[in-house]
file input21.cif (mmCIF, C-alpha atoms)
data_data
#
loop_
_atom_site.label_atom_id
_atom_site.label_comp_id
_atom_site.auth_asym_id
_atom_site.auth_seq_id
_atom_site.Cartn_x
_atom_site.Cartn_y
_atom_site.Cartn_z
CA MET A 1 -38.38 -41.97 -5.18
CA LEU A 2 -38.94 -38.21 -5.35
CA ALA A 3 -39.61 -38.13 -1.62
CA VAL A 4 -36.28 -39.86 -0.94
CA ILE A 5 -34.41 -37.44 -3.18
CA ARG A 6 -36.13 -34.50 -1.52
CA ARG A 7 -35.21 -35.83 1.93
CA TYR A 8 -31.55 -36.26 0.99
CA SER A 9 -31.49 -32.79 -0.58
CA ILE A 10 -32.77 -31.26 2.66
CA LEU A 11 -30.19 -33.18 4.71
CA ALA A 12 -27.40 -32.12 2.36
CA ALA A 13 -28.47 -28.48 2.56
CA ARG A 14 -28.55 -28.63 6.36
CA TRP A 15 -25.12 -30.28 6.41
CA MET A 16 -23.67 -27.60 4.16
CA GLY A 17 -25.22 -24.91 6.32
CA SER A 18 -23.66 -26.43 9.42
CA VAL A 19 -20.25 -26.64 7.75
CA MET A 20 -20.42 -23.01 6.63
CA THR A 21 -21.46 -21.88 10.11
CA PHE A 22 -18.55 -23.83 11.60
CA LEU A 23 -16.07 -22.31 9.16
CA VAL A 24 -17.34 -18.79 9.85
CA CYS A 25 -16.99 -19.36 13.61
CA VAL A 26 -13.47 -20.72 13.20
CA GLY A 27 -12.59 -17.73 11.05
CA MET A 28 -13.92 -15.30 13.65
CA VAL A 29 -11.96 -16.99 16.44
CA LEU A 30 -8.81 -16.95 14.30
CA VAL A 31 -9.26 -13.25 13.55
CA CYS A 32 -9.61 -12.50 17.28
CA ILE A 33 -6.45 -14.44 18.14
CA LEU A 34 -4.42 -12.88 15.33
CA SER A 35 -5.63 -9.37 16.14
CA MET A 36 -4.57 -9.72 19.78
CA GLN A 37 -1.15 -10.99 18.75
CA GLY A 38 -0.88 -8.18 16.19
CA TYR A 39 -1.79 -5.58 18.79
CA ALA A 40 0.94 -6.88 21.09
CA MET A 41 3.46 -6.63 18.23
CA TYR A 42 2.29 -3.09 17.46
CA GLU A 43 2.59 -2.01 21.11
CA ARG A 44 6.17 -3.26 21.33
CA ALA A 45 7.14 -1.43 18.13
CA ILE A 46 5.51 1.87 19.10
CA LYS A 47 7.09 1.82 22.57
CA GLN A 48 10.54 1.41 21.02
CA LYS A 49 9.96 4.29 18.57
CA PRO A 50 6.95 6.58 19.21
CA VAL A 51 5.47 8.12 16.09
CA ARG A 52 6.60 11.68 16.84
CA CYS A 53 10.16 10.40 17.33
CA LEU A 54 9.93 8.73 13.93
CA VAL A 55 8.75 11.99 12.34
CA GLU A 56 11.57 13.99 13.91
CA GLN A 57 14.15 11.39 12.92
CA LEU A 58 13.11 11.31 9.27
CA ARG A 59 12.66 15.07 8.93
CA SER A 60 16.15 15.68 10.37
CA ASP A 61 17.71 14.15 7.25
CA PRO A 62 19.16 17.02 5.15
CA SER A 63 17.78 15.42 1.98
CA PHE A 64 14.22 15.21 3.34
CA VAL A 65 11.74 16.64 0.83
CA THR A 66 8.58 18.33 2.07
CA ILE A 67 5.28 18.10 0.24
CA ASP A 68 5.51 21.68 -1.03
CA GLN A 69 8.78 20.73 -2.76
CA LEU A 70 7.11 17.89 -4.66
CA PRO A 71 5.49 18.44 -8.06
CA GLU A 72 1.71 18.26 -7.75
CA ILE A 73 1.56 15.71 -10.55
CA TYR A 74 3.94 13.45 -8.66
CA VAL A 75 1.69 13.53 -5.58
CA ASP A 76 -1.36 12.86 -7.75
CA ALA A 77 0.39 9.96 -9.47
CA VAL A 78 1.51 8.31 -6.21
CA VAL A 79 -1.96 8.53 -4.69
CA ALA A 80 -3.69 7.33 -7.87
CA VAL A 81 -1.54 4.25 -8.30
CA GLU A 82 -0.88 3.32 -4.67
CA ASP A 83 -3.89 4.42 -2.64
CA LYS A 84 -6.64 6.34 -4.42
CA ARG A 85 -8.63 6.97 -1.21
CA PHE A 86 -5.56 8.16 0.72
CA TRP A 87 -6.91 11.63 1.47
CA SER A 88 -10.22 10.34 2.86
CA HIS A 89 -9.55 7.10 4.76
CA GLY A 90 -8.30 6.81 8.32
CA GLY A 91 -5.18 4.83 7.53
CA VAL A 92 -6.86 1.63 6.40
CA ASP A 93 -9.06 1.01 3.38
CA PRO A 94 -11.76 -1.23 4.94
CA LEU A 95 -12.91 -2.88 1.73
CA ALA A 96 -9.43 -3.64 0.41
CA THR A 97 -8.17 -4.84 3.79
CA ALA A 98 -11.19 -7.07 4.49
CA ARG A 99 -10.93 -8.62 1.05
CA ALA A 100 -7.20 -9.26 1.43
CA LEU A 101 -7.41 -10.62 4.98
CA GLY A 102 -10.35 -12.86 4.15
CA TYR A 103 -8.49 -14.35 1.21
CA ASP A 104 -5.29 -14.81 3.21
CA ILE A 105 -7.01 -16.40 6.20
CA PHE A 106 -8.92 -19.00 4.23
CA THR A 107 -6.14 -19.81 1.74
CA LEU A 108 -3.14 -19.27 4.03
CA SER A 109 -1.38 -17.97 0.92
CA PHE A 110 -0.54 -14.48 2.24
CA ALA A 111 -0.84 -13.41 -1.39
CA GLN A 112 -3.21 -10.45 -1.11
CA GLY A 113 -2.16 -6.88 -0.44
CA GLY A 114 -4.70 -4.15 0.21
CA SER A 115 -2.20 -1.94 2.02
CA THR A 116 -2.69 1.81 2.01
CA ILE A 117 0.18 4.28 1.84
CA THR A 118 -0.08 4.64 5.62
CA GLN A 119 0.10 0.88 6.12
CA GLN A 120 3.10 0.63 3.81
CA LEU A 121 4.85 3.33 5.80
CA ALA A 122 4.03 1.51 9.06
CA LYS A 123 5.33 -1.78 7.69
CA ASN A 124 8.55 -0.27 6.37
CA GLN A 125 9.36 1.69 9.51
CA TYR A 126 8.20 -0.65 12.27
CA PHE A 127 8.10 -4.23 11.06
CA THR A 128 9.84 -6.80 8.90
CA GLN A 129 8.78 -7.60 5.36
CA ASP A 130 7.72 -11.13 6.37
CA LYS A 131 4.23 -11.91 5.09
CA THR A 132 2.40 -13.08 8.20
CA LEU A 133 -1.14 -12.39 9.32
CA VAL A 134 0.03 -11.28 12.76
CA ARG A 135 2.26 -8.64 11.18
CA LYS A 136 -0.63 -7.57 8.96
CA PHE A 137 -2.77 -6.87 12.01
CA ALA A 138 0.13 -5.04 13.69
CA GLU A 139 0.50 -2.96 10.54
CA VAL A 140 -3.17 -1.95 10.74
CA PHE A 141 -2.86 -0.81 14.36
CA ALA A 142 0.33 1.12 13.54
CA ALA A 143 -1.38 2.77 10.58
CA TRP A 144 -4.15 4.02 12.86
CA GLU A 145 -1.53 5.40 15.24
CA LEU A 146 0.24 7.21 12.40
CA GLU A 147 -3.02 8.76 11.26
CA ARG A 148 -3.82 9.82 14.83
CA CYS A 149 -0.46 11.52 15.36
CA CYS A 150 0.35 12.87 11.90
CA THR A 151 -1.25 14.88 9.15
CA LYS A 152 -1.82 13.34 5.74
CA ALA A 153 0.94 15.57 4.37
CA GLU A 154 3.42 14.28 6.95
CA ILE A 155 2.53 10.67 6.18
CA LEU A 156 2.95 11.16 2.45
CA GLU A 157 6.23 13.01 2.99
CA MET A 158 7.65 10.21 5.13
CA TYR A 159 6.48 7.62 2.63
CA VAL A 160 8.09 9.17 -0.47
CA ASN A 161 11.28 10.00 1.43
CA THR A 162 11.86 6.42 2.55
CA ILE A 163 10.60 4.13 -0.22
CA TYR A 164 13.06 2.37 -2.52
CA PHE A 165 13.21 3.33 -6.20
CA GLY A 166 15.75 0.78 -7.43
CA SER A 167 19.39 1.17 -8.47
CA GLY A 168 20.38 1.96 -4.88
CA TYR A 169 18.18 5.07 -4.63
CA GLU A 170 16.20 5.40 -1.42
CA GLY A 171 13.76 8.27 -1.23
CA ILE A 172 12.49 10.69 -3.85
CA SER A 173 15.50 13.02 -3.51
CA GLN A 174 18.03 10.31 -4.37
CA ALA A 175 15.81 8.96 -7.15
CA ALA A 176 15.40 12.36 -8.84
CA LYS A 177 19.11 13.05 -8.66
CA GLY A 178 20.24 9.53 -9.57
CA TYR A 179 17.93 8.93 -12.51
CA PHE A 180 17.52 12.47 -13.88
CA GLY A 181 20.26 14.59 -12.31
CA THR A 182 17.83 17.05 -10.74
CA THR A 183 15.84 17.81 -7.60
CA PRO A 184 12.25 16.64 -7.03
CA ALA A 185 10.95 20.19 -7.48
CA LYS A 186 12.50 20.42 -10.96
CA LEU A 187 11.27 17.09 -12.32
CA THR A 188 9.34 17.30 -15.55
CA ASP A 189 5.80 15.96 -15.46
CA ALA A 190 6.82 12.84 -17.37
CA GLN A 191 9.78 12.19 -15.06
CA ALA A 192 7.57 12.65 -11.99
CA VAL A 193 5.00 10.13 -13.24
CA MET A 194 7.77 7.69 -14.12
CA LEU A 195 9.20 7.84 -10.58
CA ALA A 196 5.74 7.35 -9.05
CA GLY A 197 5.55 3.87 -10.53
CA LEU A 198 9.00 2.49 -9.67
CA PRO A 199 8.57 1.60 -5.95
CA ASN A 200 5.92 -1.02 -6.79
CA ALA A 201 8.75 -3.35 -7.88
CA PRO A 202 12.00 -1.32 -7.87
CA SER A 203 14.31 -4.12 -8.97
CA VAL A 204 12.00 -4.91 -11.89
CA TYR A 205 11.21 -1.35 -12.98
CA SER A 206 14.63 0.24 -12.41
CA LEU A 207 15.29 2.66 -15.24
CA ASP A 208 18.93 1.63 -15.31
CA GLU A 209 18.16 -2.07 -15.64
CA ASN A 210 14.78 -2.35 -17.40
CA PRO A 211 13.77 0.92 -19.13
CA THR A 212 11.16 -0.87 -21.26
CA LEU A 213 9.42 -2.32 -18.20
CA ALA A 214 9.67 1.07 -16.47
CA ARG A 215 7.79 2.66 -19.36
CA GLN A 216 5.15 -0.07 -19.22
CA ARG A 217 4.72 0.69 -15.53
CA MET A 218 4.45 4.40 -16.36
CA ARG A 219 1.55 3.55 -18.66
CA GLN A 220 -0.18 1.79 -15.75
CA VAL A 221 0.31 4.85 -13.53
CA LEU A 222 -1.16 7.11 -16.20
CA ASP A 223 -4.14 4.79 -16.61
CA SER A 224 -4.77 4.99 -12.86
CA MET A 225 -4.56 8.77 -13.00
CA VAL A 226 -7.10 8.87 -15.80
CA LYS A 227 -9.46 6.61 -13.83
CA CYS A 228 -9.10 8.92 -10.83
CA ARG A 229 -9.80 11.88 -13.14
CA VAL A 230 -6.68 13.82 -12.24
CA ILE A 231 -5.61 13.95 -15.89
CA THR A 232 -7.34 13.39 -19.22
CA GLU A 233 -6.69 10.62 -21.72
CA GLN A 234 -5.13 13.20 -24.03
CA ARG A 235 -2.75 14.45 -21.33
CA ALA A 236 -1.84 10.86 -20.41
CA GLN A 237 -0.83 10.17 -24.00
CA GLU A 238 1.20 13.39 -24.16
CA LEU A 239 3.11 12.36 -21.04
CA MET A 240 3.62 8.85 -22.39
CA ASP A 241 5.12 10.32 -25.54
CA GLN A 242 7.54 12.26 -23.34
CA ALA A 243 8.56 9.19 -21.32
CA PRO A 244 12.26 9.29 -20.29
#
call {"tool": "encode", "arguments": {"input": "input21.cif", "output": "structure tokens"}}
result
Amino acid sequence: MLAVIRRYSILAARWMGSVMTFLVCVGMVLVCILSMQGYAMYERAIKQKPVRCLVEQLRSDPSFVTIDQLPEIYVDAVVAVEDKRFWSHGGVDPLATARALGYDIFTLSFAQGGSTITQQLAKNQYFTQDKTLVRKFAEVFAAWELERCCTKAEILEMYVNTIYFGSGYEGISQAAKGYFGTTPAKLTDAQAVMLAGLPNAPSVYSLDENPTLARQRMRQVLDSMVKCRVITEQRAQELMDQAP
């Protein structure tokens, strides 16, 4: 009896091993196909609007805010909550992207994110918001192109000048003026941290519509900043007490 059980256990283990090998092979083939389709999508987008043309177009807007006009705490808050390795990666966070793509491929749920600031900029400027794996691969290729052609400061500038903050405000200049009646350079520390959290879900966190949720989001931003060691717990609480 034990010999029979042992034999069936060995067969079951071999069968499971074969199934797993098959699934891995299918996954690898699927990744290759999707990456080729994504590269073709990226090439079409970049040909229509080369990166340097995009930079010139965005910077020509009179309301464009350069990085030296942004409060340092705002920059720290954006990086901490959106992409903590922004200053060191090459446009894509390998661990986050691999985890997200692996989950999406095998569940077909398209539920995972993993996008860096550079990828978000690429998606917003070159592609639709449709959640497809092909577009995700195109976004990765475009992010690499942005990092090749632009400095980190330029990428961050373009990102904060084009993201949506809710209540009809697009870009940090409109958000600072619309919500607080001031310019980005004159934001208080608490106001700057508040604005850093809104683009995650602008319709949900809009200060005009949901001030309570906006403050909850501010708390999350401050927690991220503490984890990244750009502020202390004490300073985070001080800023929370000053929340708009």
call {"tool": "resolve_selection", "arguments": {"input": "input21.cif", "expression": "the PyMOL selection byres ((chain A and resi 190) around 8)", "output": "list in words"}}
result
Leu187, Thr188, Asp189, Gln191, Ala192, Val193, Met194, Leu239, Met240, Gln242, Ala243 and Pro244 of chain A
call {"tool": "write_last_selection", "arguments": {"input": "input21.cif", "atoms": "C-alpha atoms", "output": "short mmCIF file (atom, residue, chain, number, x, y, z; two decimals), in the frame of the given file"}}
result
data_model
loop_
_atom_site.label_atom_id
_atom_site.label_comp_id
_atom_site.auth_asym_id
_atom_site.auth_seq_id
_atom_site.Cartn_x
_atom_site.Cartn_y
_atom_site.Cartn_z
CA LEU A 187 11.27 17.09 -12.32
CA THR A 188 9.34 17.30 -15.55
CA ASP A 189 5.80 15.96 -15.46
CA GLN A 191 9.78 12.19 -15.06
CA ALA A 192 7.57 12.65 -11.99
CA VAL A 193 5.00 10.13 -13.24
CA MET A 194 7.77 7.69 -14.12
CA LEU A 239 3.11 12.36 -21.04
CA MET A 240 3.62 8.85 -22.39
CA GLN A 242 7.54 12.26 -23.34
CA ALA A 243 8.56 9.19 -21.32
CA PRO A 244 12.26 9.29 -20.29
#
call {"tool": "residues_around", "arguments": {"input": "input21.cif", "residues": "Thr151 of chain A", "least_positions_apart": "5", "cutoff": "12 Å", "atoms": "all atoms listed in the file", "output": "ChimeraX atom specification"}}
result
/A:51-52,55,67,86-88,90-91,118,144-146,156-158
call {"tool": "atom_distance", "arguments": {"input": "input21.cif", "atom1": "atom CA of Arg148 of chain A", "atom2": "atom CA of Ile117 of chain A"}}
result
14.7 Å
call {"tool": "residues_near_point", "arguments": {"input": "input21.cif", "point": "(17.7, 6.3, -7.0)", "cutoff": "10 Å", "atoms": "all atoms listed in the file", "output": "list in words"}}
result
Tyr164, Phe165, Gly166, Ser167, Gly168, Tyr169, Glu170, Gly171, Ile172, Ser173, Gln174, Ala175, Ala176, Lys177, Gly178, Tyr179, Phe180, Leu195, Leu198, Pro202, Ser206, Leu207 and Asp208 of chain A
call {"tool": "resolve_selection", "arguments": {"input": "input21.cif", "expression": "the PyMOL selection byres ((chain A and resi 228) around 12)", "output": "PyMOL selection string"}}
result
chain A and resi 76-85+221-227+229-233
call {"tool": "resolve_selection", "arguments": {"input": "input21.cif", "expression": "the PyMOL selection byres ((chain A and resi 41) around 9)", "output": "mmCIF file with C-alpha atoms, in the coordinates of the input"}}
result
data_model
loop_
_atom_site.group_PDB
_atom_site.id
_atom_site.type_symbol
_atom_site.label_atom_id
_atom_site.label_comp_id
_atom_site.auth_asym_id
_atom_site.auth_seq_id
_atom_site.Cartn_x
_atom_site.Cartn_y
_atom_site.Cartn_z
ATOM 1 C CA MET A 36 -4.570 -9.720 19.780
ATOM 2 C CA GLN A 37 -1.150 -10.990 18.750
ATOM 3 C CA GLY A 38 -0.880 -8.180 16.190
ATOM 4 C CA TYR A 39 -1.790 -5.580 18.790
ATOM 5 C CA ALA A 40 0.940 -6.880 21.090
ATOM 6 C CA TYR A 42 2.290 -3.090 17.460
ATOM 7 C CA GLU A 43 2.590 -2.010 21.110
ATOM 8 C CA ARG A 44 6.170 -3.260 21.330
ATOM 9 C CA ALA A 45 7.140 -1.430 18.130
ATOM 10 C CA ILE A 46 5.510 1.870 19.100
ATOM 11 C CA PHE A 127 8.100 -4.230 11.060
ATOM 12 C CA VAL A 134 0.030 -11.280 12.760
ATOM 13 C CA ARG A 135 2.260 -8.640 11.180
ATOM 14 C CA PHE A 137 -2.770 -6.870 12.010
ATOM 15 C CA ALA A 138 0.130 -5.040 13.690
#
call {"tool": "atom_distance", "arguments": {"input": "input21.cif", "atom1": "atom CA of Leu133 of chain A", "atom2": "atom CA of Asp93 of chain A"}}
result
16.7 Å
call {"tool": "atom_distance", "arguments": {"input": "input21.cif", "atom1": "atom CA of Thr132 of chain A", "atom2": "atom CA of Val92 of chain A"}}
result
17.5 Å
call {"tool": "closest_residue", "arguments": {"input": "input21.cif", "among": "A:Lys152, A:Lys136, A:Lys47, A:Arg217", "to": "Asn200 of chain A", "atoms": "all atoms listed in the file"}}
result
A:Arg217
call {"tool": "closest_residue", "arguments": {"input": "input21.cif", "among": "A:Asn124, A:Thr183, A:Gln234, A:Asn161", "to": "Ser60 of chain A", "atoms": "only C-alpha atoms"}}
result
A:Asn161
call {"tool": "closest_residue", "arguments": {"input": "input21.cif", "among": "A:Ala143, A:Ala185, A:Cys149, A:Leu213", "to": "His89 of chain A", "atoms": "all atoms listed in the file"}}
result
A:Ala143
call {"tool": "residues_around", "arguments": {"input": "input21.cif", "residues": "Asp68 of chain A", "least_positions_apart": "2", "cutoff": "10 Å", "atoms": "only C-alpha atoms", "output": "ChimeraX atom specification"}}
result
/A:65-66,70-72,153,157,185
call {"tool": "write_last_selection", "arguments": {"input": "input21.cif", "atoms": "C-alpha atoms", "output": "PDB file, in the coordinates of the input"}}
result
ATOM      1  CA  VAL A  65      11.740  16.640   0.830  1.00  0.00           C
ATOM      2  CA  THR A  66       8.580  18.330   2.070  1.00  0.00           C
ATOM      3  CA  LEU A  70       7.110  17.890  -4.660  1.00  0.00           C
ATOM      4  CA  PRO A  71       5.490  18.440  -8.060  1.00  0.00           C
ATOM      5  CA  GLU A  72       1.710  18.260  -7.750  1.00  0.00           C
ATOM      6  CA  ALA A 153       0.940  15.570   4.370  1.00  0.00           C
ATOM      7  CA  GLU A 157       6.230  13.010   2.990  1.00  0.00           C
ATOM      8  CA  ALA A 185      10.950  20.190  -7.480  1.00  0.00           C
TER       9      ALA A 185
END
call {"tool": "build_atoms", "arguments": {"input": "input21.cif", "residues": "segment 41-65 of chain A", "atoms": "N, CA and C atoms", "output": "mmCIF file, keeping the file's coordinate frame"}}
result
data_model
loop_
_atom_site.group_PDB
_atom_site.id
_atom_site.type_symbol
_atom_site.label_atom_id
_atom_site.label_comp_id
_atom_site.auth_asym_id
_atom_site.auth_seq_id
_atom_site.Cartn_x
_atom_site.Cartn_y
_atom_site.Cartn_z
ATOM 1 N N MET A 41 2.305 -6.965 19.070
ATOM 2 C CA MET A 41 3.460 -6.630 18.230
ATOM 3 C C MET A 41 3.519 -5.134 17.979
ATOM 4 N N TYR A 42 2.367 -4.543 17.691
ATOM 5 C CA TYR A 42 2.290 -3.090 17.460
ATOM 6 C C TYR A 42 2.717 -2.316 18.705
ATOM 7 N N GLU A 43 2.242 -2.718 19.871
ATOM 8 C CA GLU A 43 2.590 -2.010 21.110
ATOM 9 C C GLU A 43 4.088 -2.022 21.360
ATOM 10 N N ARG A 44 4.722 -3.169 21.125
ATOM 11 C CA ARG A 44 6.170 -3.260 21.330
ATOM 12 C C ARG A 44 6.901 -2.310 20.381
ATOM 13 N N ALA A 45 6.474 -2.278 19.130
ATOM 14 C CA ALA A 45 7.140 -1.430 18.130
ATOM 15 C C ALA A 45 6.977 0.052 18.447
ATOM 16 N N ILE A 46 5.772 0.459 18.829
ATOM 17 C CA ILE A 46 5.510 1.870 19.100
ATOM 18 C C ILE A 46 6.234 2.332 20.366
ATOM 19 N N LYS A 47 6.371 1.456 21.344
ATOM 20 C CA LYS A 47 7.090 1.820 22.570
ATOM 21 C C LYS A 47 8.569 2.057 22.273
ATOM 22 N N GLN A 48 9.126 1.260 21.367
ATOM 23 C CA GLN A 48 10.540 1.410 21.020
ATOM 24 C C GLN A 48 10.778 2.697 20.218
ATOM 25 N N LYS A 49 9.803 3.071 19.376
ATOM 26 C CA LYS A 49 9.960 4.290 18.570
ATOM 27 C C LYS A 49 8.593 4.956 18.414
ATOM 28 N N PRO A 50 8.232 5.860 19.337
ATOM 29 C CA PRO A 50 6.950 6.580 19.210
ATOM 30 C C PRO A 50 6.877 7.312 17.869
ATOM 31 N N VAL A 51 5.673 7.514 17.406
ATOM 32 C CA VAL A 51 5.470 8.120 16.090
ATOM 33 C C VAL A 51 6.141 9.479 15.961
ATOM 34 N N ARG A 52 5.997 10.350 16.951
ATOM 35 C CA ARG A 52 6.600 11.680 16.840
ATOM 36 C C ARG A 52 8.120 11.595 16.767
ATOM 37 N N CYS A 53 8.706 10.595 17.431
ATOM 38 C CA CYS A 53 10.160 10.400 17.330
ATOM 39 C C CYS A 53 10.535 9.990 15.911
ATOM 40 N N LEU A 54 9.700 9.146 15.314
ATOM 41 C CA LEU A 54 9.930 8.730 13.930
ATOM 42 C C LEU A 54 9.881 9.934 13.001
ATOM 43 N N VAL A 55 8.888 10.793 13.181
ATOM 44 C CA VAL A 55 8.750 11.990 12.340
ATOM 45 C C VAL A 55 9.986 12.871 12.465
ATOM 46 N N GLU A 56 10.407 13.119 13.681
ATOM 47 C CA GLU A 56 11.570 13.990 13.910
ATOM 48 C C GLU A 56 12.838 13.383 13.316
ATOM 49 N N GLN A 57 12.972 12.072 13.451
ATOM 50 C CA GLN A 57 14.150 11.390 12.920
ATOM 51 C C GLN A 57 14.218 11.514 11.403
ATOM 52 N N LEU A 58 13.119 11.268 10.732
ATOM 53 C CA LEU A 58 13.110 11.310 9.270
ATOM 54 C C LEU A 58 13.260 12.738 8.748
ATOM 55 N N ARG A 59 12.606 13.681 9.391
ATOM 56 C CA ARG A 59 12.660 15.070 8.930
ATOM 57 C C ARG A 59 14.024 15.716 9.193
ATOM 58 N N SER A 60 14.818 15.123 10.077
ATOM 59 C CA SER A 60 16.150 15.680 10.370
ATOM 60 C C SER A 60 17.160 15.371 9.277
ATOM 61 N N ASP A 61 16.820 14.467 8.356
ATOM 62 C CA ASP A 61 17.710 14.150 7.250
ATOM 63 C C ASP A 61 17.798 15.364 6.316
ATOM 64 N N PRO A 62 19.009 15.836 6.012
ATOM 65 C CA PRO A 62 19.160 17.020 5.150
ATOM 66 C C PRO A 62 18.508 16.878 3.774
ATOM 67 N N SER A 63 18.354 15.635 3.308
ATOM 68 C CA SER A 63 17.780 15.420 1.980
ATOM 69 C C SER A 63 16.258 15.258 2.021
ATOM 70 N N PHE A 64 15.665 15.393 3.207
ATOM 71 C CA PHE A 64 14.220 15.210 3.340
ATOM 72 C C PHE A 64 13.480 16.245 2.491
ATOM 73 N N VAL A 65 12.498 15.776 1.736
ATOM 74 C CA VAL A 65 11.740 16.640 0.830
ATOM 75 C C VAL A 65 10.327 16.824 1.383
#
